[in-house]
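Reproduced below: final.cif, with mmCIF, C-alpha atoms.
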```cif
data_target
loop_
_atom_site.label_atom_id
_atom_site.label_comp_id
_atom_site.auth_asym_id
_atom_site.auth_seq_id
_atom_site.Cartn_x
_atom_site.Cartn_y
_atom_site.Cartn_z
CA MET A 1 73.07 117.17 131.04
CA ALA A 2 69.88 117.58 133.01
CA GLU A 3 66.97 116.93 130.70
CA PRO A 4 63.60 118.11 131.94
CA GLN A 5 61.60 115.22 133.34
CA GLU A 6 58.40 115.96 131.51
CA SER A 7 58.65 118.02 128.42
CA CYS A 8 56.17 120.61 127.25
CA THR A 9 53.44 119.48 124.90
CA SER A 10 50.87 121.25 122.77
CA PRO A 11 47.93 122.65 124.73
CA GLU A 12 44.79 120.59 124.35
CA HIS A 13 42.24 121.61 121.76
CA GLY A 14 39.96 123.23 124.31
CA LEU A 15 42.63 125.69 125.41
CA THR A 16 43.63 126.33 121.82
CA ARG A 17 40.05 127.42 121.12
CA VAL A 18 39.98 129.50 124.30
CA PHE A 19 43.04 131.49 123.29
CA GLN A 20 41.81 131.94 119.75
CA VAL A 21 39.10 133.99 121.44
CA LEU A 22 40.74 135.48 124.55
CA GLY A 23 44.16 135.88 122.94
CA LYS A 24 42.92 138.82 120.93
CA ARG A 25 43.37 142.27 122.36
CA TRP A 26 40.19 143.68 124.03
CA THR A 27 38.09 140.51 123.80
CA GLY A 28 38.60 139.47 127.42
CA MET A 29 37.96 143.01 128.62
CA ILE A 30 34.69 143.25 126.69
CA ILE A 31 33.46 139.93 128.10
CA ALA A 32 34.54 140.98 131.60
CA ALA A 33 32.68 144.30 131.26
CA LEU A 34 29.51 142.54 130.10
CA MET A 35 29.80 140.10 133.00
CA SER A 36 28.63 142.93 135.28
CA GLY A 37 25.53 143.55 133.18
CA PRO A 38 24.34 144.38 129.68
CA GLY A 39 25.23 147.67 128.08
CA HIS A 40 24.70 149.98 125.16
CA PHE A 41 27.57 150.58 122.79
CA ALA A 42 28.57 153.88 124.40
CA GLU A 43 28.47 152.37 127.89
CA LEU A 44 30.66 149.53 126.75
CA ARG A 45 33.15 151.93 125.26
CA ARG A 46 33.39 153.74 128.58
CA ALA A 47 33.78 150.42 130.39
CA VAL A 48 36.73 149.39 128.22
CA PRO A 49 38.99 152.45 128.30
CA GLY A 50 41.12 153.00 125.25
CA ILE A 51 39.14 150.89 122.80
CA SER A 52 38.20 152.52 119.48
CA GLU A 53 34.66 152.47 118.11
CA ARG A 54 35.77 150.37 115.20
CA MET A 55 37.56 147.83 117.35
CA LEU A 56 34.65 147.51 119.78
CA SER A 57 32.27 147.04 116.89
CA ASP A 58 34.48 144.35 115.31
CA ARG A 59 34.98 142.50 118.56
CA LEU A 60 31.26 142.53 119.37
CA ALA A 61 30.52 141.09 115.93
CA GLU A 62 33.09 138.32 116.49
CA LEU A 63 31.66 137.52 119.91
CA ALA A 64 28.15 137.45 118.49
CA SER A 65 29.20 135.09 115.71
CA LEU A 66 30.72 132.79 118.34
CA GLY A 67 27.41 132.81 120.21
CA LEU A 68 28.91 134.50 123.27
CA VAL A 69 27.21 137.90 122.95
CA LEU A 70 23.67 138.82 121.94
CA ARG A 71 22.73 142.07 120.29
CA CYS A 72 19.26 143.13 121.34
CA VAL A 73 17.28 146.05 119.96
CA GLU A 74 15.32 148.11 122.47
CA GLU A 75 12.08 149.54 121.13
CA GLY A 76 12.33 153.26 120.66
CA PRO A 77 12.07 156.00 120.23
CA PRO A 78 14.91 156.30 120.30
CA LEU A 79 15.68 152.82 119.12
CA ARG A 80 18.75 151.58 120.96
CA VAL A 81 20.98 148.57 120.62
CA CYS A 82 22.07 146.73 123.71
CA TYR A 83 24.63 143.96 124.15
CA ARG A 84 24.59 141.18 126.68
CA LEU A 85 26.32 137.86 127.28
CA THR A 86 24.57 134.66 126.26
CA GLU A 87 24.49 131.67 128.60
CA ALA A 88 27.73 130.54 126.94
CA GLY A 89 29.33 133.92 127.64
CA LEU A 90 28.09 133.98 131.24
CA ALA A 91 29.52 130.48 131.67
CA LEU A 92 32.99 132.06 131.66
CA LYS A 93 32.29 133.42 135.16
CA PRO A 94 34.10 130.69 137.14
CA ALA A 95 37.19 131.09 134.94
CA MET A 96 37.06 134.87 135.41
CA VAL A 97 36.92 134.37 139.16
CA GLU A 98 40.00 132.12 139.02
CA LEU A 99 41.83 134.58 136.78
CA THR A 100 41.06 137.42 139.18
CA ARG A 101 42.34 135.38 142.11
CA TRP A 102 45.52 134.62 140.16
CA ALA A 103 46.07 138.30 139.30
CA GLU A 104 45.66 139.34 142.91
CA GLU A 105 48.19 136.76 144.00
CA CYS A 106 50.65 136.71 141.13
CA LEU A 107 50.36 139.83 138.98
CA PRO A 108 51.37 142.80 141.10
CA GLU A 109 49.91 146.24 140.47
CA GLU A 110 53.30 147.51 139.29
CA GLY A 111 52.94 145.30 136.25
CA ALA A 112 50.15 147.56 135.12
CA ARG A 113 52.33 150.66 135.20
CA CYS A 114 53.88 150.05 131.83
CA PRO A 115 51.15 148.37 129.80
CA GLU A 116 52.52 149.93 126.61
CA GLN A 117 55.32 147.42 126.44
CA PHE A 118 52.78 144.59 126.40
CA ARG A 119 50.59 145.91 123.63
CA ALA A 120 52.61 145.12 120.53
CA MET B 1 12.15 151.97 126.72
CA ALA B 2 13.57 148.96 128.50
CA GLU B 3 16.83 150.00 130.16
CA PRO B 4 19.04 147.16 131.30
CA GLN B 5 18.69 146.69 135.05
CA GLU B 6 22.38 146.56 135.78
CA SER B 7 24.66 148.19 133.31
CA CYS B 8 28.12 147.04 132.34
CA THR B 9 31.03 148.46 134.30
CA SER B 10 34.79 148.43 133.80
CA PRO B 11 36.44 145.14 134.67
CA GLU B 12 38.27 145.21 137.97
CA HIS B 13 41.98 145.93 138.00
CA GLY B 14 42.91 142.28 138.44
CA LEU B 15 41.20 141.25 135.23
CA THR B 16 42.64 144.24 133.43
CA ARG B 17 46.12 143.01 134.34
CA VAL B 18 45.20 139.45 133.34
CA PHE B 19 44.17 140.50 129.86
CA GLN B 20 47.21 142.73 129.42
CA VAL B 21 49.06 139.42 129.58
CA LEU B 22 46.67 136.81 128.12
CA GLY B 23 45.11 139.21 125.61
CA LYS B 24 48.21 139.03 123.46
CA ARG B 25 48.39 136.46 120.73
CA TRP B 26 50.40 133.32 121.67
CA THR B 27 50.93 134.17 125.33
CA GLY B 28 48.19 131.90 126.66
CA MET B 29 49.32 129.08 124.39
CA ILE B 30 52.93 129.34 125.58
CA ILE B 31 51.86 129.26 129.22
CA ALA B 32 49.52 126.34 128.50
CA ALA B 33 52.32 124.43 126.76
CA LEU B 34 54.70 124.99 129.67
CA MET B 35 52.00 123.86 132.10
CA SER B 36 52.67 120.29 130.91
CA GLY B 37 56.39 120.56 131.66
CA PRO B 38 59.50 122.61 130.91
CA GLY B 39 60.90 122.75 127.42
CA HIS B 40 63.75 123.84 125.24
CA PHE B 41 63.12 126.56 122.70
CA ALA B 42 62.67 124.14 119.80
CA GLU B 43 60.30 121.95 121.79
CA LEU B 44 58.23 124.97 122.69
CA ARG B 45 58.06 126.02 119.06
CA ARG B 46 56.72 122.60 118.14
CA ALA B 47 54.22 122.76 121.00
CA VAL B 48 52.81 126.08 119.78
CA PRO B 49 52.19 125.47 116.08
CA GLY B 50 52.45 128.49 113.85
CA ILE B 51 54.50 130.70 116.15
CA SER B 52 57.61 132.30 114.66
CA GLU B 53 61.02 132.12 116.35
CA ARG B 54 61.02 135.85 116.85
CA MET B 55 57.55 135.92 118.38
CA LEU B 56 58.29 133.02 120.73
CA SER B 57 61.49 134.70 121.81
CA ASP B 58 59.71 138.01 122.46
CA ARG B 59 56.87 136.40 124.37
CA LEU B 60 59.23 134.36 126.53
CA ALA B 61 61.15 137.52 127.39
CA GLU B 62 57.89 139.28 128.36
CA LEU B 63 56.78 136.33 130.47
CA ALA B 64 60.19 136.23 132.16
CA SER B 65 60.03 139.95 132.95
CA LEU B 66 56.60 139.40 134.51
CA GLY B 67 58.07 136.65 136.66
CA LEU B 68 55.91 133.94 135.10
CA VAL B 69 58.62 132.05 133.20
CA LEU B 70 62.18 131.16 134.18
CA ARG B 71 65.00 130.68 131.73
CA CYS B 72 67.42 128.06 132.98
CA VAL B 73 70.74 127.13 131.42
CA GLU B 74 71.60 123.44 131.32
CA GLU B 75 75.29 122.70 131.65
CA GLY B 76 76.74 121.43 128.43
CA PRO B 77 78.19 120.51 126.24
CA PRO B 78 76.10 121.33 124.44
CA LEU B 79 74.90 124.16 126.61
CA ARG B 80 71.12 124.37 126.31
CA VAL B 81 68.52 126.81 127.48
CA CYS B 82 65.34 125.53 129.01
CA TYR B 83 62.15 127.38 129.95
CA ARG B 84 59.77 126.59 132.76
CA LEU B 85 56.93 128.22 134.61
CA THR B 86 57.63 129.89 137.95
CA GLU B 87 55.32 129.35 140.90
CA ALA B 88 53.35 132.37 139.70
CA GLY B 89 53.00 130.83 136.26
CA LEU B 90 52.00 127.45 137.62
CA ALA B 91 49.40 129.18 139.79
CA LEU B 92 47.38 129.74 136.61
CA LYS B 93 46.48 126.04 136.62
CA PRO B 94 43.03 126.33 138.25
CA ALA B 95 42.07 129.07 135.79
CA MET B 96 43.30 126.92 132.89
CA VAL B 97 41.16 124.06 134.14
CA GLU B 98 38.10 126.31 134.25
CA LEU B 99 38.84 127.70 130.79
CA THR B 100 39.17 124.17 129.41
CA ARG B 101 35.85 123.19 130.97
CA TRP B 102 34.24 126.27 129.45
CA ALA B 103 35.65 125.50 126.01
CA GLU B 104 34.36 121.94 126.13
CA GLU B 105 30.90 123.13 127.03
CA CYS B 106 30.60 126.36 125.11
CA LEU B 107 33.21 126.55 122.34
CA PRO B 108 32.50 123.80 119.84
CA GLU B 109 35.26 122.21 117.75
CA GLU B 110 34.05 123.80 114.55
CA GLY B 111 35.04 127.11 116.01
CA ALA B 112 31.70 128.27 114.71
CA ARG B 113 29.01 128.54 117.35
CA CYS B 114 28.23 127.21 120.77
CA PRO B 115 25.35 124.74 121.19
CA GLU B 116 21.88 126.17 120.61
CA GLN B 117 20.84 126.02 124.26
CA PHE B 118 23.67 128.30 125.36
CA ARG B 119 22.98 131.04 122.86
CA ALA B 120 19.95 132.55 124.55
#
```
If you took the structure in this file and wrote it as structure tokens, what would it be?
Amino acid sequence: MAEPQESCTSPEHGLTRVFQVLGKRWTGMIIAALMSGPGHFAELRRAVPGISERMLSDRLAELASLGLVLRCVEEGPPLRVCYRLTEAGLALKPAMVELTRWAEECLPEEGARCPEQFRA
Amino acid sequence: MAEPQESCTSPEHGLTRVFQVLGKRWTGMIIAALMSGPGHFAELRRAVPGISERMLSDRLAELASLGLVLRCVEEGPPLRVCYRLTEAGLALKPAMVELTRWAEECLPEEGARCPEQFRA
């Protein structure tokens, strides 16, 4: 019987924390959208197609409580709320670059044809 | 009224595909566990605390259909099934390293907030 040489082990704590954040639907997409620049709520909704108002609002609150997103109020009138990444949020950039490289190499476009099956 | 200079835009297609995969609960943890070595089903369940049998089974099937995980049968008796990352799965390593670095710097253990200096 061929046992695997090295067996799988629990991911380290750092990665566990990462996936507590990025392993929630929409969170990665919101951070990735804000990586290109700050945005108002409506702009963010357009940048993350398919997200509901409620979900975007919840996710932004979670990201703010983690210290990854800042909510800034622009003096009016009209008074507008804008969202941007903090330094901690922007610090995800190198990982995003690596993830993009991986997708281009290893996740073919066809995989995106049937996203429904991956949404459960 | 202070408009943001550069406004947020939709994430590029690569990142969209990435988060269709990693934006599902457990998926990142399973990949991270297999990064340390292949494992039998029971070992994987131990390595990803809290996951149900059903969920692990579903996620492994999704990852196999994406070409990221391979299911290999070890000759018995007893006949055992083992899971390992494919080349495409292993190619996530550099991104995992960056994500770990980010967590250590910006996602504190408490799960609460990142250090003060990164919140601005």
Give the padded box for stretch 7-25 of chain B as JSON: axis-aligned, covering all atoms listed in the file, 3 Å on each side, centre and edge lengths in Å to one decimal.
```
{"center_x": 36.9, "center_y": 142.5, "center_z": 129.6, "size_x": 30.4, "size_y": 18.0, "size_z": 23.7}
```
Mind telling me what the PyMOL selection byres ((chain A) within 7 of (chain B)) catches here, as a CSV table (one decimal) with C-alpha atoms, in the coordinates of the input?
```csv
chain,number,residue,atom,x,y,z
A,1,MET,CA,73.1,117.2,131.0
A,2,ALA,CA,69.9,117.6,133.0
A,4,PRO,CA,63.6,118.1,131.9
A,6,GLU,CA,58.4,116.0,131.5
A,7,SER,CA,58.6,118.0,128.4
A,8,CYS,CA,56.2,120.6,127.2
A,9,THR,CA,53.4,119.5,124.9
A,10,SER,CA,50.9,121.2,122.8
A,11,PRO,CA,47.9,122.6,124.7
A,14,GLY,CA,40.0,123.2,124.3
A,15,LEU,CA,42.6,125.7,125.4
A,16,THR,CA,43.6,126.3,121.8
A,17,ARG,CA,40.0,127.4,121.1
A,18,VAL,CA,40.0,129.5,124.3
A,19,PHE,CA,43.0,131.5,123.3
A,22,LEU,CA,40.7,135.5,124.6
A,23,GLY,CA,44.2,135.9,122.9
A,24,LYS,CA,42.9,138.8,120.9
A,25,ARG,CA,43.4,142.3,122.4
A,26,TRP,CA,40.2,143.7,124.0
A,28,GLY,CA,38.6,139.5,127.4
A,29,MET,CA,38.0,143.0,128.6
A,32,ALA,CA,34.5,141.0,131.6
A,33,ALA,CA,32.7,144.3,131.3
A,34,LEU,CA,29.5,142.5,130.1
A,36,SER,CA,28.6,142.9,135.3
A,37,GLY,CA,25.5,143.6,133.2
A,38,PRO,CA,24.3,144.4,129.7
A,39,GLY,CA,25.2,147.7,128.1
A,43,GLU,CA,28.5,152.4,127.9
A,44,LEU,CA,30.7,149.5,126.8
A,47,ALA,CA,33.8,150.4,130.4
A,48,VAL,CA,36.7,149.4,128.2
A,65,SER,CA,29.2,135.1,115.7
A,66,LEU,CA,30.7,132.8,118.3
A,67,GLY,CA,27.4,132.8,120.2
A,68,LEU,CA,28.9,134.5,123.3
A,74,GLU,CA,15.3,148.1,122.5
A,75,GLU,CA,12.1,149.5,121.1
A,76,GLY,CA,12.3,153.3,120.7
A,86,THR,CA,24.6,134.7,126.3
A,87,GLU,CA,24.5,131.7,128.6
A,88,ALA,CA,27.7,130.5,126.9
A,91,ALA,CA,29.5,130.5,131.7
A,92,LEU,CA,33.0,132.1,131.7
A,94,PRO,CA,34.1,130.7,137.1
A,95,ALA,CA,37.2,131.1,134.9
A,98,GLU,CA,40.0,132.1,139.0
A,99,LEU,CA,41.8,134.6,136.8
A,100,THR,CA,41.1,137.4,139.2
A,102,TRP,CA,45.5,134.6,140.2
A,103,ALA,CA,46.1,138.3,139.3
A,104,GLU,CA,45.7,139.3,142.9
A,106,CYS,CA,50.6,136.7,141.1
A,112,ALA,CA,50.2,147.6,135.1
A,115,PRO,CA,51.2,148.4,129.8
A,118,PHE,CA,52.8,144.6,126.4
```
Following least-squares superposition on chain A, chain B shows a C-alpha RMSD, over all atoms in order, of 5.0 Å
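The interatomic distance for the pair atom CA of A:Asp58 and atom CA of A:Ala42 works out to 14.4 Å.
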note - atom CA of A:Arg54 and atom CA of A:Val69 are separated by 17.0 Å
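The spacing separating atom CA of B:Val81 from atom CA of B:Leu63 amounts to 15.4 Å.
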Can you put N, CA and C atoms back into stretch 17-46 of chain A and show it as a compact mmCIF listing (two decimals), in the frame of the given file?
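Written out: rebuild10.txt:
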```txt
# COMPACT_ATOMS: atom_id res chain seq x y z
N ARG A 17 41.24 126.65 121.49
CA ARG A 17 40.05 127.42 121.12
C ARG A 17 39.85 128.63 122.05
N VAL A 18 40.12 128.40 123.34
CA VAL A 18 39.98 129.50 124.30
C VAL A 18 40.87 130.68 123.89
N PHE A 19 42.12 130.38 123.56
CA PHE A 19 43.04 131.49 123.29
C PHE A 19 42.89 132.05 121.88
N GLN A 20 42.19 131.32 121.02
CA GLN A 20 41.81 131.94 119.75
C GLN A 20 40.83 133.08 120.01
N VAL A 21 40.08 132.95 121.09
CA VAL A 21 39.10 133.99 121.44
C VAL A 21 39.75 135.02 122.38
N LEU A 22 40.24 134.56 123.53
CA LEU A 22 40.74 135.48 124.55
C LEU A 22 42.13 136.03 124.25
N GLY A 23 42.81 135.43 123.29
CA GLY A 23 44.16 135.88 122.94
C GLY A 23 44.15 137.03 121.95
N LYS A 24 42.99 137.64 121.78
CA LYS A 24 42.92 138.82 120.93
C LYS A 24 42.72 140.03 121.82
N ARG A 25 43.45 141.08 121.53
CA ARG A 25 43.37 142.27 122.36
C ARG A 25 41.91 142.74 122.48
N TRP A 26 41.51 143.12 123.69
CA TRP A 26 40.19 143.68 124.03
C TRP A 26 39.11 142.63 124.30
N THR A 27 39.21 141.46 123.69
CA THR A 27 38.09 140.51 123.80
C THR A 27 37.78 140.15 125.25
N GLY A 28 38.81 139.83 126.01
CA GLY A 28 38.60 139.47 127.42
C GLY A 28 38.00 140.63 128.21
N MET A 29 38.46 141.83 127.90
CA MET A 29 37.96 143.01 128.62
C MET A 29 36.48 143.26 128.31
N ILE A 30 36.10 143.04 127.06
CA ILE A 30 34.69 143.25 126.69
C ILE A 30 33.81 142.22 127.41
N ILE A 31 34.24 140.97 127.40
CA ILE A 31 33.46 139.93 128.10
C ILE A 31 33.39 140.26 129.59
N ALA A 32 34.52 140.66 130.16
CA ALA A 32 34.54 140.98 131.60
C ALA A 32 33.62 142.15 131.90
N ALA A 33 33.57 143.15 131.04
CA ALA A 33 32.68 144.30 131.26
C ALA A 33 31.22 143.84 131.21
N LEU A 34 30.90 143.00 130.24
CA LEU A 34 29.51 142.54 130.10
C LEU A 34 29.11 141.58 131.21
N MET A 35 30.09 141.01 131.89
CA MET A 35 29.80 140.10 133.00
C MET A 35 29.06 140.85 134.11
N SER A 36 29.29 142.16 134.22
CA SER A 36 28.63 142.93 135.28
C SER A 36 27.22 143.37 134.88
N GLY A 37 26.87 143.18 133.63
CA GLY A 37 25.53 143.55 133.18
C GLY A 37 25.55 143.97 131.73
N PRO A 38 24.38 144.00 131.09
CA PRO A 38 24.34 144.38 129.68
C PRO A 38 24.65 145.86 129.50
N GLY A 39 24.93 146.26 128.29
CA GLY A 39 25.23 147.67 128.08
C GLY A 39 25.01 148.11 126.65
N HIS A 40 24.76 149.40 126.49
CA HIS A 40 24.70 149.98 125.16
C HIS A 40 26.13 150.18 124.66
N PHE A 41 26.25 150.43 123.39
CA PHE A 41 27.57 150.58 122.79
C PHE A 41 28.42 151.63 123.52
N ALA A 42 27.82 152.79 123.78
CA ALA A 42 28.57 153.88 124.40
C ALA A 42 29.00 153.52 125.83
N GLU A 43 28.13 152.81 126.53
CA GLU A 43 28.47 152.37 127.89
C GLU A 43 29.64 151.40 127.86
N LEU A 44 29.59 150.51 126.88
CA LEU A 44 30.66 149.53 126.75
C LEU A 44 31.99 150.22 126.44
N ARG A 45 31.91 151.22 125.60
CA ARG A 45 33.15 151.93 125.26
C ARG A 45 33.75 152.58 126.49
N ARG A 46 32.89 153.13 127.34
CA ARG A 46 33.39 153.74 128.58
C ARG A 46 33.96 152.67 129.51
```
